[in-house]
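The structure appears right after this line, and notes come after that.
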Amino acid sequence: MTVLKFALGVCASFSLFIPAAFAQSDAPDTSAMLVLDSSGSMWGKIGEDTKLSIARDVIDNMVDDWDDKTPLGLMTYGHRRKGDCTDIELLLPAEKMDKTVFKKTVRGLNPTGKTPMVQSVLNAAGSLSFESQKATVILVSDGEETCGLDPCTIGASLKEKGVDFTAHVIGFDVSYAESAGLKCLAEETGGRYFAAENADELFEAFEQVAQDTQAPVDDKVGDATIEVAEKEVVAGSKFNVKWTGPQNQGDGVTVFDVDGKKRYDSRYVFDPETPDTVGLAAPETPGTYHVHYYTRHKKSLAYDVVTVIAATAKVDAPDTPVVGGAKTAFKIEGPNNAGDNLVFTTAAGERVGISARYTNVHLKGGGMNLVVPETPGEYIAQYRTRGGKVLAKDSFTVIAAEAYLETPKQDIIGGHKFDVKISKPNENSDEVKIYDKNRKRVKDEFIHIYYKDGVIELTAPETPGTYSVEYETRGKKTLAKDTITVIAATASLSVANDTLKTGEKFKVTTSEPMVSSDRVKIYNSDNRRVSEKYIKSQFKDGGIIISAPKNPGTYTVVYETRGKKRLASDTITVIAADP
């Protein structure tokens with residue numbers, strides 16, 4: 001995994017986050033709380049790894065080099081219940097950290113629910129006694145607030161009521177629209193917002209947050225130099241800066257406007273392992289900017305000038321109407337900077353569909369394949385930068401999707417397989433689902449996995465009744481449906497010799513099974529299973545051979561389905577074998 005390679009090269013730098021002056025003090029400069037997103041979306045993947053596994057590894061590295069005299073607690077949300085905005089838990093209070101326990105606690109999280117991130121920050125601030133002492137909250141979230149609280153309002157309130165309260169926010173793999181509330185929460189508290197799209201960027205964000213959270217060491221005296229490698233760069237693109245300097249705690253290479261009032265991208269250089277050439281992201285607005293060697297005391301030791309020119313892009317959407325929900329090719333040209341997205345909107349500018357795909361991840365061969373909205377209408381494909389600037393756009397038309405589905409007309413035995421004739425699927429997430437009369441889903445299969453020669457094979461429910469079989473899209477639109485009638489499955493089972501010795505092999509005669517998961521099981525008098533065999537794989541000459549239990553007693557031999565329905569049974573008596 002990428003983060004592990006990165007961590008090996010720089011993990012020593014974490015020890016620099018906790019200065020010697022701080023370690024000698026009896027009282028901490030600040031107490032901090034890590035608020036970690038454990039909502040269901042953390043199971044989403046970046047490359048081959050889930051966002052949760054990436055976060056775990058990065059936090060492991062951070063914890064390994066954290067000064068144990070620095071109070072750091074852990075709070076999370078969404079890890080226990082689905083759809084519950086109160087699912088927030090303080091897992092570890094902000095006190096001397098047990099690193100093993102901290103890492104084990106993070107690794108034990110199981111993302112499940114919603115994103116009550118604002119209430120979590122409120123709870124974290126309260127646990128740090130923010131109204132009476134300096135406190136810092138570090139929030140890591142992969143999405144926007146979903147429980148109704150306004151991040152801007154709450155952020156301003158925390159700043160007003162706190163003695164010295166700050167919230168630093170790391171947006172992990174979030175879209176431009178989702179980042180708005182996260183940024184506002186950080187800015188209103190005087191904190192910083194970091195966008196991290198992958199493992200390395202999450203590591204760097206933690207690196208900078210840790211630096212901002214800890215007390216700085218005494219500065220070394222020294223001069224600095226700055227040299228911008230490319231004097232003219234495209235808006236939003238990366239450019240290289242060569243530097244020298246004293247590398248005091250908090251020193252960084254930073255892009256400012258010419259007045260020095262607005263700060264853009266920056267990179268800390270206090271770590272001795274930092275290369276003497278670093279990459280920065282150019283502002284998105286064309287113009288002249290200064291790149292400074294900037295100290296924690298807000299003093300510039302050196303600067304160079306860079307000119308930012310406008311970025312250009314092109315989007316070519318299909319000229320002919322596209323079927324709703326279909327995966328469709330869009331031709332794209334653009335700067336392809338980190339954070340650039342292709343986004344679908346309505347004619348009124350409202351974002352729709354499951355677009356917002358990063359171009360630097362998905363752009364291949366001059367194009368991207370995206371699933372268009374399912375609802376018919378006119379749409380616009382927009383090339384947007386990380387900052388939300390629209391560089392190019394093109395319109396396209398979506399028409400209604402159609403599908404065909406036909407089920408067998410004869411009755412189907414419960415638990416048995418049957419074929420459903422369907423039209424070829426439009427998109428990988430189309431499904432065939434079975435619903436009972438109460439609209440409870442009892443079965444679903446992805447069409448693209450099981451589709452073959454115009455049919456998809458399904459397994460009928462075991463409970464007799466009438467069911468609806470439906471062709472359903474990712475957006476849960478039913479395009480076609482038919483009904484099936486399920487009748488009860490029957491079977492026969494008998495044992496020729498009802499008295500057996502312990503461990504003796506004997507034959508169980510059964511009807512020939514039609515379902516591979518049907519089994520013969522042996523239960524004791526307490527209804528506990530002591531033996532089982534799959535009939536399909538063991539059936540031969542009218543039955544199967546099985547061994548009698550090892551303990552004497554009376555047992556029931558059962559023909560049982562996957563759903564544990566008993567279709568037939570017989571009893572046996574087991575006596576002790578001869579000594």
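Chain labels A, B, ... are given in the sequence in which chains occur in the structure tokens; within each chain residues are numbered consecutively from 1, and ligands are likewise numbered from 1 in the order shown.
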
Name the residues of range 197-285 of chain A that fall into alpha helix (DSSP H) according to DSSP on the backbone, using the chain letters and numbers of this document, as a PyMOL selection string.
chain A and resi 199-213

Please produce an output containing N, CA, C and O atoms for each residue in the selection, written as a short mmCIF file (atom, residue, chain, number, x, y, z; two decimals), in the first residue's frame.
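Generated file (selection39.cif):
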data_model
loop_
_atom_site.label_atom_id
_atom_site.label_comp_id
_atom_site.auth_asym_id
_atom_site.auth_seq_id
_atom_site.Cartn_x
_atom_site.Cartn_y
_atom_site.Cartn_z
N ALA A 199 -3.48 8.12 0.13
CA ALA A 199 -2.74 7.80 1.36
C ALA A 199 -1.65 8.82 1.66
O ALA A 199 -1.51 9.29 2.79
N ASP A 200 -0.87 9.18 0.65
CA ASP A 200 0.24 10.11 0.87
C ASP A 200 -0.26 11.48 1.32
O ASP A 200 0.31 12.11 2.21
N GLU A 201 -1.34 11.96 0.68
CA GLU A 201 -1.86 13.27 1.04
C GLU A 201 -2.48 13.26 2.43
O GLU A 201 -2.43 14.26 3.16
N LEU A 202 -3.09 12.13 2.83
CA LEU A 202 -3.60 12.03 4.20
C LEU A 202 -2.45 12.06 5.19
O LEU A 202 -2.53 12.71 6.24
N PHE A 203 -1.35 11.39 4.87
CA PHE A 203 -0.17 11.40 5.73
C PHE A 203 0.36 12.83 5.89
O PHE A 203 0.66 13.28 6.99
N GLU A 204 0.47 13.54 4.77
CA GLU A 204 0.97 14.91 4.80
C GLU A 204 0.04 15.82 5.59
O GLU A 204 0.49 16.71 6.31
N ALA A 205 -1.27 15.61 5.46
CA ALA A 205 -2.23 16.42 6.22
C ALA A 205 -2.05 16.21 7.71
O ALA A 205 -2.03 17.17 8.50
N PHE A 206 -1.91 14.95 8.15
CA PHE A 206 -1.66 14.67 9.56
C PHE A 206 -0.35 15.30 10.01
O PHE A 206 -0.24 15.81 11.13
N GLU A 207 0.64 15.27 9.13
CA GLU A 207 1.94 15.86 9.45
C GLU A 207 1.80 17.34 9.77
O GLU A 207 2.33 17.85 10.75
N GLN A 208 1.04 18.05 8.94
CA GLN A 208 0.88 19.49 9.13
C GLN A 208 -0.04 19.81 10.31
O GLN A 208 0.20 20.76 11.07
N VAL A 209 -1.09 19.02 10.49
CA VAL A 209 -1.98 19.24 11.63
C VAL A 209 -1.23 19.04 12.94
O VAL A 209 -1.39 19.81 13.89
N ALA A 210 -0.42 17.98 13.00
CA ALA A 210 0.35 17.73 14.22
C ALA A 210 1.29 18.89 14.51
O ALA A 210 1.45 19.31 15.67
N GLN A 211 1.93 19.44 13.47
CA GLN A 211 2.81 20.59 13.65
C GLN A 211 2.04 21.78 14.19
O GLN A 211 2.49 22.47 15.10
N ASP A 212 0.85 22.04 13.65
CA ASP A 212 0.06 23.18 14.10
C ASP A 212 -0.46 23.00 15.52
O ASP A 212 -0.72 23.96 16.24
N THR A 213 -0.63 21.74 15.94
CA THR A 213 -1.21 21.46 17.25
C THR A 213 -0.20 21.60 18.38
O THR A 213 -0.55 22.01 19.49
#

Name all residues at most 7 Å from range 307-320 of chain A (count only C-alpha atoms; drop same-chain ones fewer than 4 positions away) and give them as a short mmCIF file (atom, residue, chain, number, x, y, z; two decimals) with N, CA, C and O atoms, in the first residue's frame.
data_model
loop_
_atom_site.label_atom_id
_atom_site.label_comp_id
_atom_site.auth_asym_id
_atom_site.auth_seq_id
_atom_site.Cartn_x
_atom_site.Cartn_y
_atom_site.Cartn_z
N LYS A 231 8.53 29.74 -14.09
CA LYS A 231 8.07 31.11 -13.82
C LYS A 231 6.63 31.32 -14.25
O LYS A 231 5.97 32.24 -13.79
N GLU A 232 6.12 30.47 -15.15
CA GLU A 232 4.74 30.58 -15.62
C GLU A 232 4.10 29.20 -15.53
O GLU A 232 4.59 28.24 -16.12
N VAL A 233 3.01 29.09 -14.78
CA VAL A 233 2.37 27.80 -14.55
C VAL A 233 0.88 27.91 -14.80
O VAL A 233 0.28 29.00 -14.69
N VAL A 234 0.26 26.78 -15.11
CA VAL A 234 -1.18 26.74 -15.36
C VAL A 234 -1.93 26.73 -14.03
O VAL A 234 -1.52 26.08 -13.07
N ALA A 235 -3.03 27.46 -13.98
CA ALA A 235 -3.84 27.54 -12.76
C ALA A 235 -4.20 26.16 -12.23
O ALA A 235 -4.62 25.28 -12.98
N ALA A 282 -0.61 25.64 -7.77
CA ALA A 282 -0.84 27.03 -8.16
C ALA A 282 -2.28 27.43 -7.84
O ALA A 282 -3.19 26.61 -7.92
N PRO A 286 -5.95 33.23 -12.43
CA PRO A 286 -4.75 33.75 -13.09
C PRO A 286 -4.27 35.05 -12.46
O PRO A 286 -5.06 35.84 -11.93
N GLY A 287 -2.95 35.26 -12.50
CA GLY A 287 -2.38 36.47 -11.93
C GLY A 287 -0.96 36.26 -11.48
O GLY A 287 -0.35 35.22 -11.73
N THR A 288 -0.41 37.26 -10.78
CA THR A 288 0.96 37.19 -10.25
C THR A 288 0.91 36.86 -8.76
O THR A 288 0.14 37.47 -8.00
N TYR A 289 1.76 35.93 -8.34
CA TYR A 289 1.78 35.49 -6.95
C TYR A 289 3.22 35.43 -6.46
O TYR A 289 4.16 35.34 -7.26
N PHE A 330 -17.30 9.92 -22.30
CA PHE A 330 -17.18 11.37 -22.49
C PHE A 330 -15.73 11.67 -22.84
O PHE A 330 -14.82 11.26 -22.11
N LYS A 331 -15.53 12.39 -23.93
CA LYS A 331 -14.18 12.80 -24.32
C LYS A 331 -13.81 14.05 -23.54
O LYS A 331 -14.60 14.99 -23.46
N ILE A 332 -12.59 14.06 -22.99
CA ILE A 332 -12.20 15.16 -22.09
C ILE A 332 -10.76 15.58 -22.37
O ILE A 332 -9.88 14.73 -22.56
N GLU A 333 -10.54 16.88 -22.37
CA GLU A 333 -9.19 17.45 -22.36
C GLU A 333 -9.15 18.46 -21.23
O GLU A 333 -10.11 19.17 -20.99
N GLY A 334 -8.02 18.53 -20.54
CA GLY A 334 -7.93 19.50 -19.45
C GLY A 334 -6.61 19.39 -18.72
O GLY A 334 -5.79 18.52 -19.02
N PRO A 335 -6.39 20.24 -17.74
CA PRO A 335 -5.13 20.23 -17.00
C PRO A 335 -4.94 18.96 -16.18
O PRO A 335 -3.83 18.61 -15.81
N ALA A 381 -22.56 18.21 -18.81
CA ALA A 381 -21.33 17.64 -18.26
C ALA A 381 -20.32 18.76 -18.09
O ALA A 381 -19.98 19.44 -19.06
N TYR A 383 -16.56 20.22 -16.61
CA TYR A 383 -15.21 19.99 -16.09
C TYR A 383 -14.97 21.06 -15.03
O TYR A 383 -14.91 22.24 -15.33
N LEU A 391 -14.35 24.89 -16.17
CA LEU A 391 -13.43 25.19 -17.27
C LEU A 391 -14.04 24.85 -18.63
O LEU A 391 -13.65 25.45 -19.64
N ALA A 392 -14.95 23.90 -18.67
CA ALA A 392 -15.58 23.51 -19.93
C ALA A 392 -16.87 22.77 -19.64
O ALA A 392 -17.04 22.21 -18.54
N LYS A 393 -17.77 22.74 -20.61
CA LYS A 393 -19.02 22.02 -20.43
C LYS A 393 -19.63 21.67 -21.78
O LYS A 393 -19.30 22.28 -22.80
N ASP A 394 -20.49 20.67 -21.77
CA ASP A 394 -21.23 20.28 -22.96
C ASP A 394 -22.53 19.63 -22.50
O ASP A 394 -22.59 19.04 -21.41
N SER A 395 -23.56 19.73 -23.31
CA SER A 395 -24.87 19.21 -22.93
C SER A 395 -25.13 17.86 -23.59
O SER A 395 -24.54 17.53 -24.63
N PHE A 396 -26.01 17.08 -22.98
CA PHE A 396 -26.42 15.79 -23.56
C PHE A 396 -27.84 15.47 -23.11
O PHE A 396 -28.35 16.06 -22.14
#

Residue contacts of Thr407 in chain A (10 Å, only C-alpha atoms) excluding same-chain residues fewer than 3 positions away, as a PyMOL selection string:
chain A and resi 410+418-422+455+468-470+481-485

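By chain and then residue number, the residues within 8 Å of range 265-278 of chain A are Val10, Ser13, Leu16, Gln208, Asn240, Val241, Lys242, Trp243, Thr244, Gln247, Asn248, Gln249, Gly250, Asp251, Gly252, Val253, Thr254, Val255, Arg263, Leu280, Ala281, Ala282 and Pro283 of chain A, counting only C-alpha atoms and disregarding those fewer than 2 positions away in sequence.
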
Residues near Ala403 in chain A, cut-off 10 Å, only C-alpha atoms, skip fewer than 4 positions along chain, as a list in words
Ile422, Ser423, Lys424, Pro425, Asn426, Tyr471, Glu472, Thr478, Leu479, Ala480 and Lys481 of chain A

C-alpha atoms of the current selection, written as a compact mmCIF listing (two decimals), in the first residue's frame:
# COMPACT_ATOMS: atom_id res chain seq x y z
CA ILE A 422 -34.04 -10.57 -19.49
CA SER A 423 -32.66 -7.96 -21.84
CA LYS A 424 -28.95 -7.22 -21.66
CA PRO A 425 -28.13 -4.93 -18.73
CA ASN A 426 -27.30 -1.26 -19.21
CA TYR A 471 -35.46 -5.69 -13.14
CA GLU A 472 -34.19 -2.79 -11.02
CA THR A 478 -38.19 -0.90 -11.77
CA LEU A 479 -37.94 -1.24 -15.55
CA ALA A 480 -39.74 -4.59 -15.93
CA LYS A 481 -41.30 -7.25 -13.73
